[in-house]
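Asks: My file is my_file.txt. It has compact mmCIF, C-alpha atoms and all ligand atoms:
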```
# COMPACT_ATOMS: atom_id res chain seq x y z
CA MET Q 296 124.04 120.82 104.07
CA THR Q 297 124.39 118.50 101.07
CA TYR Q 298 121.79 115.75 100.65
CA LYS Q 299 122.92 112.48 99.11
CA VAL Q 300 119.97 111.21 97.10
CA THR Q 301 119.64 108.11 94.93
CA LEU Q 302 118.45 109.03 91.43
CA ILE Q 303 116.98 106.28 89.26
CA ARG Q 304 116.38 107.71 85.79
CA GLY Q 305 114.14 104.83 84.70
CA ASP Q 306 113.34 104.02 81.06
CA GLY Q 307 110.94 105.15 78.33
CA ILE Q 308 110.35 108.85 79.02
CA GLY Q 309 112.00 108.42 82.45
CA PRO Q 310 115.55 109.63 81.63
CA GLU Q 311 114.28 112.84 79.98
CA LEU Q 312 112.04 113.62 82.94
CA ALA Q 313 114.70 112.70 85.49
CA ASP Q 314 117.31 114.95 83.85
CA ALA Q 315 114.85 117.87 83.70
CA THR Q 316 113.83 117.31 87.33
CA ARG Q 317 117.39 117.05 88.55
CA ARG Q 318 118.30 120.39 86.91
CA VAL Q 319 115.26 122.10 88.44
CA LEU Q 320 115.93 120.66 91.91
CA ASP Q 321 119.55 121.85 91.69
CA ALA Q 322 118.25 125.31 90.72
CA THR Q 323 116.30 125.59 93.99
CA GLY Q 324 119.68 126.19 95.66
CA VAL Q 325 119.42 123.09 97.85
CA ALA Q 326 122.68 121.13 97.56
CA PHE Q 327 122.32 117.56 96.28
CA GLU Q 328 124.86 114.85 95.65
CA TRP Q 329 123.12 112.60 93.14
CA ASP Q 330 123.88 108.88 93.45
CA VAL Q 331 122.73 107.81 89.97
CA GLN Q 332 121.57 104.17 89.76
CA GLN Q 333 120.13 102.08 86.93
CA ALA Q 334 117.23 99.64 87.13
CA GLY Q 335 114.91 98.07 84.55
CA ALA Q 336 115.04 95.76 81.54
CA ASP Q 337 118.44 96.92 80.24
CA GLN Q 338 120.06 95.88 83.52
CA ILE Q 339 119.12 92.21 83.02
CA GLU Q 340 121.91 91.64 80.48
CA LYS Q 341 124.49 93.45 82.60
CA THR Q 342 123.59 92.19 86.07
CA GLY Q 343 121.10 89.33 85.60
CA THR Q 344 118.29 91.23 87.30
CA PRO Q 345 116.21 94.34 86.54
CA LEU Q 346 116.63 95.45 90.16
CA PRO Q 347 120.36 95.12 91.00
CA GLN Q 348 121.39 94.81 94.65
CA GLN Q 349 123.49 97.96 94.24
CA VAL Q 350 120.32 100.02 93.70
CA LEU Q 351 118.75 98.71 96.90
CA ASP Q 352 122.00 99.26 98.82
CA SER Q 353 122.20 102.84 97.57
CA ILE Q 354 118.64 103.65 98.69
CA ARG Q 355 119.12 101.89 102.03
CA SER Q 356 122.23 103.94 102.64
CA ASN Q 357 120.92 107.33 101.42
CA LYS Q 358 117.38 106.80 102.76
CA VAL Q 359 115.99 109.13 100.08
CA ALA Q 360 115.47 108.37 96.38
CA ILE Q 361 113.70 109.87 93.40
CA LYS Q 362 112.96 107.84 90.31
CA GLY Q 363 111.61 108.05 86.80
CA PRO Q 364 109.11 105.44 85.63
CA ILE Q 365 110.24 101.92 84.73
CA THR Q 366 108.52 99.71 82.15
CA THR Q 367 106.99 96.41 83.29
CA PRO Q 368 106.26 93.76 80.66
CA VAL Q 369 102.55 92.88 80.62
CA GLY Q 370 101.54 89.26 81.30
CA THR Q 371 105.02 87.73 80.95
CA GLY Q 372 108.62 88.67 81.76
CA PHE Q 373 110.11 90.04 84.94
CA ARG Q 374 108.10 91.28 87.92
CA SER Q 375 107.58 95.01 88.28
CA VAL Q 376 110.72 96.79 89.49
CA ASN Q 377 108.44 99.44 90.99
CA VAL Q 378 106.58 96.88 93.09
CA GLY Q 379 109.93 95.17 93.88
CA LEU Q 380 111.44 98.40 95.22
CA ARG Q 381 108.44 99.06 97.45
CA LYS Q 382 108.51 95.50 98.79
CA GLU Q 383 112.28 95.18 99.27
CA LEU Q 384 112.52 98.52 101.07
CA ASN Q 385 109.26 98.02 102.95
CA LEU Q 386 107.93 101.32 101.62
CA TYR Q 387 104.51 100.57 102.99
CA ALA Q 388 102.72 103.86 102.38
CA CYS Q 389 102.14 105.38 98.98
CA LEU Q 390 100.97 108.99 99.03
CA ARG Q 391 99.39 110.53 95.96
CA PRO Q 392 98.11 114.09 96.34
CA CYS Q 393 95.73 115.16 93.54
CA LYS Q 394 94.84 118.83 93.44
CA THR Q 395 93.38 121.04 90.71
CA TYR Q 396 95.79 123.65 89.44
CA LYS Q 397 94.50 126.83 87.86
CA GLY Q 398 95.16 126.65 84.14
CA VAL Q 399 94.93 122.87 83.76
CA GLN Q 400 92.24 121.59 81.41
CA SER Q 401 89.94 119.64 83.68
CA ARG Q 402 86.25 118.93 84.07
CA TYR Q 403 86.45 119.80 87.77
CA GLU Q 404 87.44 122.70 89.99
CA ASN Q 405 88.62 122.64 93.58
CA VAL Q 406 89.57 118.96 93.81
CA ASP Q 407 92.06 118.42 96.61
CA VAL Q 408 92.23 114.72 97.43
CA VAL Q 409 95.12 112.75 98.89
CA VAL Q 410 95.19 109.03 98.19
CA VAL Q 411 97.04 106.93 100.78
CA ARG Q 412 97.64 103.46 99.36
CA GLU Q 413 98.92 100.40 101.22
CA ASN Q 414 101.93 99.21 99.25
CA THR Q 415 102.97 95.78 100.52
CA GLU Q 416 99.98 93.42 100.55
CA ASP Q 417 96.72 92.62 98.78
CA LEU Q 418 96.70 91.26 95.24
CA TYR Q 419 100.12 92.86 94.64
CA SER Q 420 101.83 90.28 96.85
CA GLY Q 421 103.16 88.69 93.67
CA ILE Q 422 101.98 85.27 94.86
CA GLU Q 423 100.51 83.74 91.73
CA PHE Q 424 99.93 80.25 90.38
CA ALA Q 425 100.16 79.65 86.64
CA ARG Q 426 97.41 77.87 84.72
CA GLY Q 427 98.01 74.12 84.54
CA ALA Q 428 101.13 74.05 86.78
CA GLU Q 429 101.43 71.22 89.34
CA ASN Q 430 101.50 73.58 92.34
CA THR Q 431 98.38 75.28 90.96
CA GLN Q 432 96.56 71.94 90.82
CA GLN Q 433 97.65 71.20 94.40
CA MET Q 434 96.45 74.61 95.52
CA ILE Q 435 93.10 74.16 93.81
CA ARG Q 436 92.64 70.77 95.49
CA GLN Q 437 93.57 72.32 98.86
CA ILE Q 438 91.05 75.12 98.39
CA GLU Q 439 88.35 72.59 97.62
CA GLN Q 440 89.23 70.51 100.68
CA LEU Q 441 89.60 73.42 103.08
CA GLU Q 442 86.96 75.79 101.86
CA GLY Q 443 84.57 73.65 99.88
CA SER Q 444 84.51 76.03 96.91
CA ARG Q 445 84.94 74.62 93.45
CA VAL Q 446 87.66 76.31 91.42
CA PRO Q 447 87.83 75.35 87.71
CA PRO Q 448 91.04 73.22 87.35
CA SER Q 449 92.05 75.27 84.31
CA SER Q 450 92.32 78.42 86.45
CA ALA Q 451 95.30 80.61 87.24
CA LEU Q 452 95.33 81.92 90.83
CA ALA Q 453 96.43 85.15 92.50
CA ILE Q 454 96.56 85.46 96.26
CA LYS Q 455 95.15 88.46 98.08
CA PHE Q 456 96.16 88.84 101.69
CA ILE Q 457 95.41 91.59 104.19
CA SER Q 458 96.97 91.60 107.67
CA PRO Q 459 95.81 93.61 110.69
CA GLU Q 460 99.39 94.87 111.23
CA ALA Q 461 99.76 96.37 107.75
CA SER Q 462 96.19 97.70 107.84
CA GLU Q 463 96.77 99.44 111.14
CA ARG Q 464 100.08 100.89 109.93
CA ILE Q 465 98.56 102.41 106.77
CA VAL Q 466 95.41 103.72 108.45
CA ARG Q 467 97.51 105.31 111.19
CA PHE Q 468 99.74 106.85 108.50
CA ALA Q 469 96.62 108.36 106.86
CA PHE Q 470 95.35 109.84 110.13
CA GLU Q 471 98.77 111.17 111.11
CA TYR Q 472 99.10 112.71 107.64
CA ALA Q 473 95.62 114.25 107.98
CA ARG Q 474 96.45 115.68 111.39
CA SER Q 475 99.84 117.11 110.43
CA HIS Q 476 98.54 118.61 107.15
CA GLY Q 477 95.36 120.22 108.50
CA ARG Q 478 93.05 117.77 106.75
CA ARG Q 479 89.51 117.29 108.04
CA LYS Q 480 88.46 113.82 107.00
CA VAL Q 481 89.74 110.28 106.29
CA SER Q 482 87.69 107.84 104.19
CA ALA Q 483 88.50 104.12 104.14
CA VAL Q 484 87.92 102.47 100.75
CA HIS Q 485 87.05 98.76 100.69
CA LYS Q 486 84.84 95.98 99.31
CA ALA Q 487 83.99 94.40 102.65
CA ASN Q 488 80.45 93.58 101.55
CA ILE Q 489 81.91 90.92 99.20
CA MET Q 490 85.36 90.17 100.67
CA LYS Q 491 84.09 89.87 104.21
CA HIS Q 492 87.29 88.44 105.66
CA ALA Q 493 90.08 90.27 103.83
CA ASP Q 494 88.49 93.69 103.26
CA GLY Q 495 86.36 93.13 106.35
CA LEU Q 496 89.56 93.00 108.40
CA PHE Q 497 90.89 96.18 106.79
CA LEU Q 498 87.62 97.95 107.63
CA GLU Q 499 87.50 96.65 111.20
CA VAL Q 500 91.04 97.91 111.83
CA ALA Q 501 90.29 101.27 110.15
CA ARG Q 502 87.24 101.80 112.37
CA SER Q 503 89.23 100.95 115.46
CA VAL Q 504 92.17 103.27 114.62
CA ALA Q 505 89.69 106.07 113.77
CA THR Q 506 88.48 106.15 117.39
CA GLU Q 507 91.94 107.36 118.40
CA TYR Q 508 91.58 110.45 116.18
CA PRO Q 509 88.35 112.12 117.32
CA ASP Q 510 89.51 115.44 115.79
CA ILE Q 511 89.38 113.91 112.26
CA GLU Q 512 86.10 112.88 110.64
CA PHE Q 513 86.02 109.27 109.46
CA ASN Q 514 83.78 107.34 107.10
CA ASP Q 515 84.08 104.26 104.91
CA VAL Q 516 82.93 103.82 101.32
CA ILE Q 517 82.66 100.69 99.17
CA VAL Q 518 85.13 101.03 96.30
CA ASP Q 519 82.65 100.95 93.41
CA ASN Q 520 80.49 103.57 95.10
CA MET Q 521 83.64 105.58 95.79
CA MET Q 522 84.52 105.67 92.09
CA MET Q 523 81.08 107.09 91.28
CA GLN Q 524 81.17 109.55 94.18
CA LEU Q 525 84.60 110.82 93.15
CA VAL Q 526 83.38 111.43 89.61
CA GLN Q 527 80.19 113.14 90.78
CA LYS Q 528 81.26 115.10 93.85
CA PRO Q 529 84.99 114.89 94.49
CA GLU Q 530 84.83 117.94 96.78
CA LEU Q 531 83.28 115.71 99.47
CA TYR Q 532 86.56 113.80 99.87
CA ASP Q 533 89.83 114.68 101.51
CA VAL Q 534 92.19 111.81 102.51
CA LEU Q 535 91.36 108.35 101.12
CA VAL Q 536 93.02 105.31 102.67
CA CYS Q 537 92.98 102.20 100.49
CA PRO Q 538 94.36 98.68 100.29
CA ASN Q 539 96.89 98.27 97.48
CA LEU Q 540 94.77 97.46 94.39
CA TYR Q 541 91.98 99.98 95.03
CA GLY Q 542 94.62 102.58 95.87
CA ASP Q 543 96.29 102.05 92.50
CA ILE Q 544 93.03 102.46 90.60
CA VAL Q 545 91.61 105.30 92.70
CA SER Q 546 94.82 107.32 92.35
CA ASP Q 547 94.72 107.19 88.54
CA LEU Q 548 91.07 108.24 88.67
CA CYS Q 549 91.98 111.15 90.95
CA ALA Q 550 94.85 112.10 88.60
CA GLY Q 551 92.24 112.19 85.83
CA LEU Q 552 89.99 114.46 87.90
CA VAL Q 553 92.72 117.06 88.18
CA GLY Q 554 93.76 117.07 84.54
CA GLY Q 555 95.89 114.05 83.91
CA LEU Q 556 98.99 112.09 84.74
CA GLY Q 557 101.40 114.82 83.61
CA ILE Q 558 101.10 116.70 86.92
CA ALA Q 559 100.33 113.95 89.47
CA PRO Q 560 103.17 113.23 91.93
CA GLY Q 561 103.72 110.29 94.27
CA ALA Q 562 105.77 109.31 97.30
CA ASN Q 563 106.46 105.96 98.95
CA TYR Q 564 107.36 106.00 102.62
CA GLY Q 565 108.82 103.34 104.91
CA GLU Q 566 109.95 103.65 108.52
CA ASP Q 567 113.08 105.63 107.65
CA THR Q 568 113.28 105.58 103.84
CA ALA Q 569 111.32 107.46 101.18
CA LEU Q 570 111.15 107.12 97.42
CA PHE Q 571 109.53 109.79 95.25
CA GLU Q 572 108.14 109.15 91.77
CA PRO Q 573 105.40 110.36 89.43
CA ILE Q 574 102.21 108.28 89.28
CA HIS Q 575 102.50 107.86 85.53
CA GLY Q 576 104.41 105.15 83.72
CA SER Q 577 107.15 105.17 81.09
CA ALA Q 578 104.81 106.15 78.18
CA PRO Q 579 107.05 104.24 75.70
CA LYS Q 580 105.48 105.86 72.63
CA TYR Q 581 106.99 109.22 73.67
CA THR Q 582 110.51 107.89 74.43
CA GLY Q 583 113.30 110.21 73.31
CA GLN Q 584 110.92 112.78 71.81
CA ASN Q 585 111.49 115.53 74.43
CA ARG Q 586 107.70 115.78 74.58
CA ALA Q 587 106.48 114.36 77.90
CA ASN Q 588 105.54 116.58 80.83
CA PRO Q 589 108.24 116.59 83.52
CA MET Q 590 106.01 118.32 86.08
CA ALA Q 591 104.66 115.17 87.79
CA MET Q 592 108.24 114.18 88.57
CA MET Q 593 109.05 117.77 89.60
CA PHE Q 594 106.03 117.86 91.93
CA SER Q 595 107.39 114.56 93.33
CA GLY Q 596 110.58 116.56 93.90
CA VAL Q 597 108.50 119.09 95.88
CA LEU Q 598 107.34 116.24 98.12
CA MET Q 599 110.96 115.17 98.48
CA LEU Q 600 112.07 118.67 99.48
CA ARG Q 601 109.32 118.74 102.13
CA HIS Q 602 110.45 115.32 103.38
CA LEU Q 603 114.00 116.67 103.70
CA GLY Q 604 112.69 119.62 105.71
CA GLU Q 605 113.52 122.09 102.89
CA THR Q 606 110.12 123.73 103.20
CA GLU Q 607 111.07 127.09 101.77
CA ALA Q 608 112.61 125.54 98.63
CA ALA Q 609 109.61 123.23 98.33
CA ASP Q 610 107.23 126.19 98.48
CA ARG Q 611 109.27 128.07 95.87
CA LEU Q 612 109.33 125.15 93.44
CA ASP Q 613 105.64 124.45 94.04
CA ARG Q 614 104.88 128.12 93.33
CA ALA Q 615 107.06 128.16 90.20
CA LEU Q 616 105.24 125.10 88.85
CA SER Q 617 101.76 126.38 89.78
CA GLU Q 618 102.38 129.82 88.27
CA THR Q 619 103.76 128.31 85.07
CA ILE Q 620 100.71 126.05 84.75
CA ALA Q 621 98.33 128.97 85.48
CA GLU Q 622 99.97 131.18 82.83
CA GLY Q 623 99.56 128.41 80.28
CA LYS Q 624 102.76 129.33 78.43
CA ASN Q 625 106.00 127.33 78.77
CA VAL Q 626 104.16 124.02 79.25
CA THR Q 627 104.12 120.69 77.43
CA TYR Q 628 101.42 119.64 74.96
CA ASP Q 629 99.24 117.82 77.49
CA LEU Q 630 98.50 121.05 79.39
CA LEU Q 631 97.22 122.84 76.28
CA PRO Q 632 93.94 122.59 74.37
CA VAL Q 633 94.38 120.53 71.19
CA SER Q 634 94.04 123.66 69.02
CA GLU Q 635 97.01 125.32 70.80
CA ARG Q 636 99.42 122.41 70.98
CA HIS Q 637 101.63 123.88 68.25
CA ARG Q 638 103.01 126.26 70.91
CA ALA Q 639 103.90 123.48 73.39
CA LEU Q 640 107.44 123.41 74.75
CA GLY Q 641 109.54 120.26 75.04
CA THR Q 642 110.46 118.53 78.31
CA SER Q 643 113.88 120.12 78.53
CA GLU Q 644 112.67 123.65 77.59
CA VAL Q 645 110.01 123.49 80.32
CA ALA Q 646 112.86 122.84 82.76
CA ASP Q 647 114.86 125.78 81.32
CA LYS Q 648 111.92 128.17 81.85
CA LEU Q 649 111.33 126.91 85.39
CA ILE Q 650 115.01 127.40 86.21
CA GLU Q 651 114.80 131.00 84.90
CA ARG Q 652 111.77 131.56 87.10
CA LEU Q 653 113.42 130.01 90.14
CA GLN Q 654 116.58 132.02 89.69
CA GLY Q 655 114.63 135.22 89.17
CA SER Q 656 112.36 134.69 92.15
CA PRO Q 657 113.41 136.30 95.44
CA VAL Q 658 114.38 133.85 98.14
CA ALA Q 659 112.16 134.31 101.21
CA LEU Q 660 114.24 135.00 104.31
P1 LIG T 701 101.68 105.55 81.22
O1 LIG T 701 101.40 106.35 82.44
O2 LIG T 701 103.09 105.30 80.89
O3 LIG T 701 101.05 106.28 79.94
C1 LIG T 701 99.68 106.40 79.67
C2 LIG T 701 99.46 107.64 78.83
O4 LIG T 701 99.47 108.76 79.68
C3 LIG T 701 100.59 107.92 77.83
O5 LIG T 701 100.39 107.27 76.63
C4 LIG T 701 100.50 109.42 77.68
O6 LIG T 701 99.47 109.74 76.79
C5 LIG T 701 100.10 109.86 79.07
N1 LIG T 701 101.25 110.26 79.89
C6 LIG T 701 101.84 109.56 80.88
N2 LIG T 701 102.84 110.26 81.43
C7 LIG T 701 102.88 111.45 80.76
C8 LIG T 701 103.69 112.59 80.86
N3 LIG T 701 104.67 112.71 81.77
N4 LIG T 701 103.48 113.61 80.00
C9 LIG T 701 102.49 113.55 79.11
N5 LIG T 701 101.67 112.49 78.96
C10 LIG T 701 101.87 111.44 79.78
O7 LIG T 701 100.86 104.20 81.37
P2 LIG T 701 100.98 102.82 80.57
O8 LIG T 701 101.08 103.09 79.10
O9 LIG T 701 99.87 102.00 81.12
O10 LIG T 701 102.32 102.17 81.10
C11 LIG T 701 103.54 102.18 80.37
C12 LIG T 701 104.59 101.41 81.16
O11 LIG T 701 104.87 102.09 82.40
C13 LIG T 701 104.14 100.00 81.57
O12 LIG T 701 105.21 99.14 81.39
C14 LIG T 701 103.81 100.13 83.05
O13 LIG T 701 103.99 98.92 83.76
C15 LIG T 701 104.81 101.17 83.49
N6 LIG T 701 104.43 101.90 84.70
C16 LIG T 701 105.44 102.25 85.55
C17 LIG T 701 105.14 102.98 86.68
C18 LIG T 701 106.27 103.35 87.59
O14 LIG T 701 107.42 103.33 87.18
N7 LIG T 701 106.00 103.70 88.84
C19 LIG T 701 103.84 103.39 86.95
C20 LIG T 701 102.83 103.06 86.03
C21 LIG T 701 103.14 102.32 84.90
```
Spit out the file's structure as structure tokens when you get a sec.
Ligand code: NAD

Replies:
Amino acid sequence: MTYKVTLIRGDGIGPELADATRRVLDATGVAFEWDVQQAGADQIEKTGTPLPQQVLDSIRSNKVAIKGPITTPVGTGFRSVNVGLRKELNLYACLRPCKTYKGVQSRYENVDVVVVRENTEDLYSGIEFARGAENTQQMIRQIEQLEGSRVPPSSALAIKFISPEASERIVRFAFEYARSHGRRKVSAVHKANIMKHADGLFLEVARSVATEYPDIEFNDVIVDNMMMQLVQKPELYDVLVCPNLYGDIVSDLCAGLVGGLGIAPGANYGEDTALFEPIHGSAPKYTGQNRANPMAMMFSGVLMLRHLGETEAADRLDRALSETIAEGKNVTYDLLPVSERHRALGTSEVADKLIERLQGSPVAL
């Protein structure tokens, strides 16, 4: 069977990583037809938007996509293409597994945490009001009338919303994931002590859904406490389910616990569509240097193979990556101690070595 998959190479280090990942995925022996699509800043001149309709149509039709990172201007400019893709395609669940690999420089051992992040709501709704704008002034007056709170008129506003429907969907996703992957515990992350209505609703729904999964342990942890707990005793945690903003922050922290962004994969799931991408961004300072670690995108490819039901190929690629990391040769600079970085391989050479390993490894029957 040939899988038609949308491939978005991205920008910054994205194209180098995407090309390396594509070669390695092809070397697993699984047949892919790559539907290569472009998104990001350089599309604005050509199509008037950083996220052309054609890209969305391709993913909607293929139902599976893998992408490199895409740069988002900070403060001004166009809205994040990454957030746009998740919203347009209703990819409501973001899954970020963070596990320690033998051979990776890390302060911790035996971390194995999966962050499940809600992708469509919260402060990432994109509903913002600019400082001084007329609609902002109206909004501020409304808030004062309706709620009685005084908001400084010079303020900019960002809207956070949490619905019971989206909360239930993501918490259920976390429990179903836990059940189908032999996980023992789900922890809901929130700030319901301060945001009693928004985060309070998320927590109320999480507690209610948890009663339907008596085989899985459940607890809830306030987000600031969770950050400290993860740094002090990450082994206590298993699956973390978070609203959008906390999920974003917690997953970078967890990536840090296991040795950095270079090996941390991600997946975004909707009802019938999935998009796989590394957690890290486009690291513009390394663009075109053949230096960045392609493994986070390759591990995202492992998640994609599992999603496609290609379990044996997924296991083989996972093993090839893990063994390469454990041996500590044939890796990029970020997986080596500073004193040994002179022997780091480039992005493309790491892919070459992985392909050799994959082609030399016996295929399990
Ligand atoms: P970043 O993840 O791009 O880079 C932070 C640092 O992490 C880099 O300077 C580098 O030292 C290291 N790093 C990241 N990926 C690496 C890799 N594969 N190999 C080795 N080292 C790696 O974060 P940033 O600098 O905050 O963001 C840069 C741009 O990426 C921004 O425009 C941001 O909006 C965007 N971004 C995109 C995505 C996405 O496409 N899903 C995700 C996060 C950030």

Asks: Would you kindly identify which residues have an atom no farther than 9 Å from (95.5, 91.2, 103.6), using only C-alpha atoms and the file's own coordinates, and write them out as a PDB file with C-alpha atoms, in the frame of the given file?

Replies:
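Writing the result to out.pdb gives the following:
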```
ATOM      1  CA  GLU Q 416      99.980  93.420 100.550  1.00  0.00           C
ATOM      2  CA  ASP Q 417      96.720  92.620  98.780  1.00  0.00           C
ATOM      3  CA  LEU Q 418      96.700  91.260  95.240  1.00  0.00           C
ATOM      4  CA  LYS Q 455      95.150  88.460  98.080  1.00  0.00           C
ATOM      5  CA  PHE Q 456      96.160  88.840 101.690  1.00  0.00           C
ATOM      6  CA  ILE Q 457      95.410  91.590 104.190  1.00  0.00           C
ATOM      7  CA  SER Q 458      96.970  91.600 107.670  1.00  0.00           C
ATOM      8  CA  PRO Q 459      95.810  93.610 110.690  1.00  0.00           C
ATOM      9  CA  ALA Q 461      99.760  96.370 107.750  1.00  0.00           C
ATOM     10  CA  SER Q 462      96.190  97.700 107.840  1.00  0.00           C
ATOM     11  CA  HIS Q 492      87.290  88.440 105.660  1.00  0.00           C
ATOM     12  CA  ALA Q 493      90.080  90.270 103.830  1.00  0.00           C
ATOM     13  CA  ASP Q 494      88.490  93.690 103.260  1.00  0.00           C
ATOM     14  CA  LEU Q 496      89.560  93.000 108.400  1.00  0.00           C
ATOM     15  CA  PHE Q 497      90.890  96.180 106.790  1.00  0.00           C
ATOM     16  CA  PRO Q 538      94.360  98.680 100.290  1.00  0.00           C
TER      17      PRO Q 538
END
```

Asks: Please return as a ChimeraX atom specification the residues found within 10 Å of ligand LIG 701 (chain T), counting all atoms listed in the file.

Replies: /Q:305-309,311-312,335,362-369,374-378,380,543,547,555-559,561,571-581,585-592,627-630,642

Asks: Within 10 Å of Q:Ala569, counting only C-alpha atoms, which residues show up once you throw out same-chain ones fewer than 2 positions away? Write them as an NGL selection string, please.

Replies: :Q and (354-355 or 357-361 or 381 or 384-389 or 562-567 or 571 or 599 or 602-603)

Asks: For Q:Tyr298, which residue among Q:Gly604, Q:Gly379, Q:Gly542, Q:Pro347 is the nearest when counting all atoms listed in the file?

Replies: Q:Gly604

Asks: Between atom CA of Q:Pro529 and atom CA of Q:Asn514, what is the distance, to one decimal in Å?

Replies: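 Computing the Euclidean distance for atom CA of Q:Pro529 and atom CA of Q:Asn514 yields 14.7 Å.
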
Asks: Go through Q:Arg317, Q:Arg402, Q:Lys299, Q:Lys624 and flag the residue nearest Q:Met593, using all atoms listed in the file for the distances.

Replies: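 Using all atoms listed in the file, Q:Met593 sits closest to Q:Arg317.
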
Asks: Between Q:Ile517, Q:Val536, Q:Leu320, Q:Leu570, single out the one closest to Q:Leu351, counting only C-alpha atoms.

Replies: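 Answer, going by the shortest atom-to-atom distance: Q:Leu570.
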
Asks: Tell me which of Q:Ala428, Q:Val300, Q:Leu498, Q:Ile620 sits closest to Q:Asp321, counting all atoms listed in the file.

Replies: Q:Val300

Asks: Pick out the closest residue to Q:Arg638 from this set: Q:Ala315, Q:Ala453, Q:Val626, Q:Gln524. Count all atoms listed in the file.

Replies: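 The shortest atom-to-atom distance to Q:Arg638 comes from Q:Val626.
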
Asks: Between atom CA of Q:Ile465 and atom CA of Q:Glu413, what is the spacing in Å?

Replies: 5.9 Å

Asks: At what distance in Å, to one decimal, does atom CA of Q:Ser546 lie from atom CA of Q:Met522?

Replies: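 Pair atom CA of Q:Met522 / atom CA of Q:Ser546 returns 10.4 Å.
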
Asks: At a cut-off of 10 Å from (99.7, 79.2, 80.1) in the coordinates of the file, what residues are picked up using all atoms listed in the file, written as a list in words?

Replies: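 Within 10 Å of (99.7, 79.2, 80.1), the protein and nucleic acid residues are Ala425, Arg426, Gly427, Ala428, Ser449, Ser450 and Ala451 of chain Q.
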
Asks: So, counting only C-alpha atoms, which residue among Q:Glu507, Q:Glu340, Q:Asp314, Q:Asp610 is closest to Q:Leu598?

Replies: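 Smallest distance to Q:Leu598 is found for Q:Asp610.
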
Asks: Skipping near chain neighbours, those fewer than 2 positions away, what residues fall within 10 Å of Q:Phe470 using only C-alpha atoms, listed as a PyMOL selection string?

Replies: chain Q and resi 411+465-468+472-476+478-482+501+504-505+507-508+510-513+534-536
